[in-house]
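Visitor: This is the structure, below, for whatever I ask next.
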Amino acid sequence: MNEFNYVYLIPLIPLLTFLFLGFFAKKIKEPISGYIGTASLATVFILSLYTAYKYFFVVGLVDGKYQAVRVMIKEAWLNFTDKLAIDVGIIIDPISVMMLIVVSTISFMVHIYSLGYMHGDNGFSRFYAYLSLFTFSMLGLVLSSNLFLIYVFWELVGVSSFLLIGYYFETPSAVAASKKAFIVTRFADMFFLIGILMIGYFGQSFDFQTLNSEGMIEKIGHMIANNQIYSFMGLSLFTWALMLVYIGGMGKSAMFPLHIWLPDAMEGPTPVSALIHAATMVVAGVYLVARLFPLYFHIEDGYALGLVAIVGTFSALFAAIIALTQEDIKRVLAFSTMSQIGYMMMALGVSKYEGHEGLGYMAGMFHLFTHAMFKGLLFLGAGAIIHAVHSNFMDKMGGLHKYMPITSITFLVAALAISGIPPFAGFFSKDEILTAAYEYNKVIWFIGFLVAGMTAFYMFRLYFRIFFNKKKEYEHAPHDAPFSMSFALIFLAILATTVGFIPFSEFVTADRIPFQSHIDFGDPLVIGSILMALFGIGIAYIMYYKETNYPQKLAKTMGVGYKWAKDKFYMDELYIFVTHKIIFDRISKPIAWFDRNVIDGFMNLIGLTMEKLSDKTKGLQSGRLQDYAMYFIGGVIGIIMLVVYFK
């Protein structure tokens, strides 16, 4: 099909914008660079919407199924063997088109929002250049037609994240946060690369369509059944390869225990938090599992998919507990993001059950889509609040509803959406996840159900403490953000209210075959999830709408548990202990001593021996004729004596 030959322009436009703004950053002054960046993203946004319309409504279904369309840029970029090659291409299918909408929408809103938020910043043009680089990397990632190409853009996303988190490079904490994010995600990416190479070796392909085909699944299954693929700890090496790929996704999506970089990443400007750490980069791991979903689903009865479910469920609960105790509003939202990404992973993991295989997949993708809108809104709202009161901490806020009504209302919409209150978007996607979880495993469902109530509680703890509670005395009266910022908030609030009504199961499914899905408001599961959310909101209202001593009493009652949660269960301290006390002191230092004293010492000994030997023998070449004559005559006499003696 040639209908989508223009799609390469979607990532190309922000790449050209990055190069232009990067080369001329010092010459192009504010706000021109912002207008250029925003105009390029407006173009990308329109092209993405057009692509979605064309794919879903014009090209449409073929024999009741959405077909994947490949747009080749260059055939056979790298050839490893006759069968194994890497080509440069774009894949157009339901999840890549969905991600185009997510990335372009959030990035476009962030570009508009940053016109006001970054106004007056010395690095204004540099900031927009970095935004364009990130957008190019993320768009390239979601459009990549094979595993190796996605890895290239995966690393580019890491570089972009490093630059944006460390944007305030004069601040030591920002530099430390950017390095931490880069190192942790690179560690995870090492496993990702090993998994890619193993999949390429066994499958003799990196291409997504080939890997996900029924023929490939049958081939790998046959190889496993006939012991043609070695096993380790009861699982085939191919399953281990899928798990290694998932570790790469865990790093990028901040899943436990590779989540430690995400809270520190809040050191970047707040629009960066909205773009990277709420709606786009952190869902790359979810997208990766979804992209290889047929392999995860079918190979060895879905053992790798079971790991996805377990890690996702635990991460959702773990992050929600920490979010209950945080005081920095951006860190509350960061742990909320980790929890919601855990929900998405959980949804993918619970897709395998009798009755309706693939419901969890659809629900996970649906939640990814809706979450992008309301979490992007939450972060941009937080940016407007910080912009007004010049603080990230809730104890410096209160009573802002009077001063910032637009921010308050839009923030409320996002809080209701993430809490799962109908008719806001989060309700529809979260209910589908809980339904799939209930059919798969009651324990996982219960944890998800509990996390839903905790999410409602900590979000309205945040909302009430910021906009109501005790009215604070401000040095300068806060006010709503300028038009560019408010426009982005209102636009995303409209989306957070409406996108839940999209019949998502008619567009994005595990097998690309649409099915009908609807919410039954009489279902006890649906009623229970709504009541759980309302219960969380009600408790938050009692404790935080007005200033009370209930929070202090509860913290005191929880004792050491509260302290552990507030200190993030000392995961950072654990990593520091492991790296400094074990790896550096017990492993690296002995290796360094051995290298310095044994390896280097032996080489130094050889050098010193040769130096001494040469010092002793250098007189043989003195350059004096009489010495050479003496050596010659002495040698001749010695030879004559030996000949006479041995004769």
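Letters A, B, ... go to the chains of the structure tokens in the order shown; residues in each chain start at 1; ligands are counted from 1 in the same order.
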Distance table requested - range 383-493 of chain A against range 512-531 of chain A, cut-off 7 Å, only C-alpha atoms: one row per qualifying residue with the closest atom pair and its distance in Å to one decimal, ordered by chain and rising residue number, as JSON lines.
Guide:
{"residue": "A:Gly420", "atom": "CA", "partner": "A:Ile530", "partner_atom": "CA", "distance": 6.9}
{"residue": "A:Ile421", "atom": "CA", "partner": "A:Ile530", "partner_atom": "CA", "distance": 6.3}
{"residue": "A:Asp431", "atom": "CA", "partner": "A:Val526", "partner_atom": "CA", "distance": 6.6}
{"residue": "A:Phe449", "atom": "CA", "partner": "A:Ser529", "partner_atom": "CA", "distance": 6.6}
Visitor: Need the shell around range 433-438 of chain A: protein/DNA/RNA residues with any atom at most 9 Å away, counting only C-alpha atoms. Skip same-chain ones fewer than 4 positions apart. Format as an NGL selection string?
Guide: :A and (343-344 or 346-353 or 356 or 358-364 or 367 or 428-429 or 442-446 or 448-449 or 525-526 or 529)
Visitor: Do you know which residues are at most 12 Å from Lys470 in chain A counting only C-alpha atoms, after dropping those on the same chain fewer than 4 positions away, and could you put them as number ranges by chain?
Guide: A: 394-401, 464-466, 544-548
Visitor: Please identify which residues in range 5-237 of chain A DSSP calls strand (DSSP E or B) from the backbone, and express them as a PyMOL selection string.
Guide: chain A and resi 61-62+65-66+69-79+85-92+144+146+207+231-232+235-236
Visitor: Please list as number ranges by chain every residue within 12 Å of range 560-563 of chain A, counting only C-alpha atoms and excluding residues in the same chain fewer than 3 positions away.
Guide: A: 321-326, 551-557, 566-570
Visitor: Go ahead and write the selection's residues with N, CA, C and O atoms as a compact mmCIF listing (two decimals), in the first residue's frame.
Guide:
# COMPACT_ATOMS: atom_id res chain seq x y z
N ILE A 321 1.45 3.35 47.61
CA ILE A 321 1.72 3.50 49.05
C ILE A 321 2.65 4.69 49.28
O ILE A 321 2.43 5.51 50.18
N ILE A 322 3.70 4.81 48.47
CA ILE A 322 4.64 5.92 48.63
C ILE A 322 3.96 7.25 48.32
O ILE A 322 4.18 8.25 49.02
N ALA A 323 3.12 7.28 47.28
CA ALA A 323 2.44 8.52 46.89
C ALA A 323 1.56 9.07 48.00
O ALA A 323 1.33 10.28 48.10
N LEU A 324 1.05 8.19 48.88
CA LEU A 324 0.19 8.63 49.99
C LEU A 324 0.91 9.57 50.95
O LEU A 324 0.25 10.34 51.67
N THR A 325 2.25 9.52 50.99
CA THR A 325 3.00 10.20 52.04
C THR A 325 3.83 11.38 51.55
O THR A 325 4.37 12.12 52.37
N GLN A 326 3.96 11.58 50.24
CA GLN A 326 4.87 12.60 49.72
C GLN A 326 4.30 14.01 49.88
O GLN A 326 3.08 14.21 49.83
N PRO A 551 -4.38 14.04 59.86
CA PRO A 551 -3.18 13.50 59.21
C PRO A 551 -2.06 13.19 60.20
O PRO A 551 -1.40 12.14 60.08
N GLN A 552 -1.85 14.08 61.18
CA GLN A 552 -0.80 13.85 62.17
C GLN A 552 -1.11 12.62 63.02
O GLN A 552 -0.22 11.81 63.33
N LYS A 553 -2.38 12.47 63.40
CA LYS A 553 -2.78 11.31 64.20
C LYS A 553 -2.56 10.02 63.42
O LYS A 553 -2.07 9.02 63.96
N LEU A 554 -2.94 10.04 62.13
CA LEU A 554 -2.79 8.85 61.31
C LEU A 554 -1.32 8.49 61.12
O LEU A 554 -0.94 7.32 61.22
N ALA A 555 -0.50 9.51 60.87
CA ALA A 555 0.94 9.27 60.70
C ALA A 555 1.54 8.68 61.97
O ALA A 555 2.37 7.76 61.92
N LYS A 556 1.10 9.20 63.12
CA LYS A 556 1.60 8.69 64.39
C LYS A 556 1.15 7.26 64.62
O LYS A 556 1.90 6.42 65.12
N THR A 557 -0.10 6.97 64.24
CA THR A 557 -0.63 5.62 64.40
C THR A 557 0.12 4.63 63.51
O THR A 557 0.42 3.50 63.93
N LYS A 566 7.29 7.24 53.52
CA LYS A 566 7.71 8.61 53.20
C LYS A 566 9.14 8.64 52.69
O LYS A 566 9.48 9.47 51.83
N ASP A 567 9.98 7.75 53.20
CA ASP A 567 11.37 7.67 52.75
C ASP A 567 11.54 6.69 51.59
O ASP A 567 12.65 6.21 51.32
N LYS A 568 10.41 6.37 50.93
CA LYS A 568 10.42 5.54 49.71
C LYS A 568 11.01 4.16 49.95
O LYS A 568 11.67 3.59 49.08
N PHE A 569 10.78 3.65 51.16
CA PHE A 569 11.25 2.32 51.56
C PHE A 569 12.76 2.18 51.40
O PHE A 569 13.26 1.07 51.20
N TYR A 570 13.44 3.30 51.45
CA TYR A 570 14.91 3.34 51.46
C TYR A 570 15.52 2.62 50.26
O TYR A 570 16.62 2.07 50.36
Visitor: Just want the 8 Å neighbourhood of Tyr474 in chain A, counted on only C-alpha atoms, with same-chain residues fewer than 3 positions away dropped. Output as a PDB file with N, CA, C and O atoms, in the first residue's frame.
Guide:
ATOM      1  N   VAL A 389       3.168  30.045  42.937  1.00  0.00           N
ATOM      2  CA  VAL A 389       3.558  30.148  44.353  1.00  0.00           C
ATOM      3  C   VAL A 389       5.049  29.928  44.578  1.00  0.00           C
ATOM      4  O   VAL A 389       5.536  30.085  45.703  1.00  0.00           O
ATOM      5  N   ALA A 477       0.023  37.884  45.371  1.00  0.00           N
ATOM      6  CA  ALA A 477      -1.230  37.162  45.142  1.00  0.00           C
ATOM      7  C   ALA A 477      -1.094  36.250  43.926  1.00  0.00           C
ATOM      8  O   ALA A 477      -0.775  36.711  42.828  1.00  0.00           O
ATOM      9  N   PRO A 478      -1.313  34.935  44.092  1.00  0.00           N
ATOM     10  CA  PRO A 478      -1.225  34.013  42.951  1.00  0.00           C
ATOM     11  C   PRO A 478      -2.334  34.307  41.948  1.00  0.00           C
ATOM     12  O   PRO A 478      -3.363  34.908  42.280  1.00  0.00           O
TER      13      PRO A 478
END
Visitor: Which neighbours of Val103 in chain A fall inside 9 Å, counting only C-alpha atoms, when residues of the same chain fewer than 6 positions from it are skipped, and could you give them as a ChimeraX atom specification?
Guide: /A:45,135,138-139,275,279-280,372
Visitor: Store the residues of this selection in a file with N, CA and C atoms, as an mmCIF file, in the first residue's frame.
Guide:
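Written file, part-v6.cif:
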data_model
loop_
_atom_site.group_PDB
_atom_site.id
_atom_site.type_symbol
_atom_site.label_atom_id
_atom_site.label_comp_id
_atom_site.auth_asym_id
_atom_site.auth_seq_id
_atom_site.Cartn_x
_atom_site.Cartn_y
_atom_site.Cartn_z
ATOM 1 N N PHE A 45 1.040 17.082 14.647
ATOM 2 C CA PHE A 45 -0.256 16.751 15.254
ATOM 3 C C PHE A 45 -1.322 16.552 14.179
ATOM 4 N N THR A 135 10.819 14.515 20.786
ATOM 5 C CA THR A 135 9.626 14.150 20.013
ATOM 6 C C THR A 135 10.006 13.305 18.804
ATOM 7 N N MET A 138 10.874 9.765 20.080
ATOM 8 C CA MET A 138 9.703 8.990 20.504
ATOM 9 C C MET A 138 8.843 8.580 19.313
ATOM 10 N N LEU A 139 8.695 9.483 18.341
ATOM 11 C CA LEU A 139 7.921 9.141 17.144
ATOM 12 C C LEU A 139 8.628 8.052 16.338
ATOM 13 N N LEU A 275 5.728 15.842 29.542
ATOM 14 C CA LEU A 275 5.995 15.214 28.247
ATOM 15 C C LEU A 275 6.636 13.846 28.399
ATOM 16 N N ALA A 279 3.418 10.897 30.059
ATOM 17 C CA ALA A 279 2.567 10.463 28.962
ATOM 18 C C ALA A 279 3.284 9.726 27.834
ATOM 19 N N THR A 280 4.585 9.903 27.672
ATOM 20 C CA THR A 280 5.218 9.346 26.473
ATOM 21 C C THR A 280 6.349 8.376 26.808
ATOM 22 N N ALA A 372 -2.529 9.336 29.335
ATOM 23 C CA ALA A 372 -1.720 10.404 28.741
ATOM 24 C C ALA A 372 -2.412 11.755 28.877
#
Visitor: Select, from A:Leu115, A:Val159, A:Val7, A:Ile582, the residue with the minimum atom-to-atom distance to Glu30 in chain A, counting only C-alpha atoms.
Guide: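 Closest to Glu30 in chain A, using only C-alpha atoms: A:Leu115.
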Visitor: Point out the residue among A:Ile633, A:Ala176, A:Ile299, A:Ala456 with the least atom-to-atom distance to Ile224 in chain A, counting only C-alpha atoms.
Guide: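 Residue with the minimum atom-to-atom distance to Ile224 in chain A: A:Ile299.
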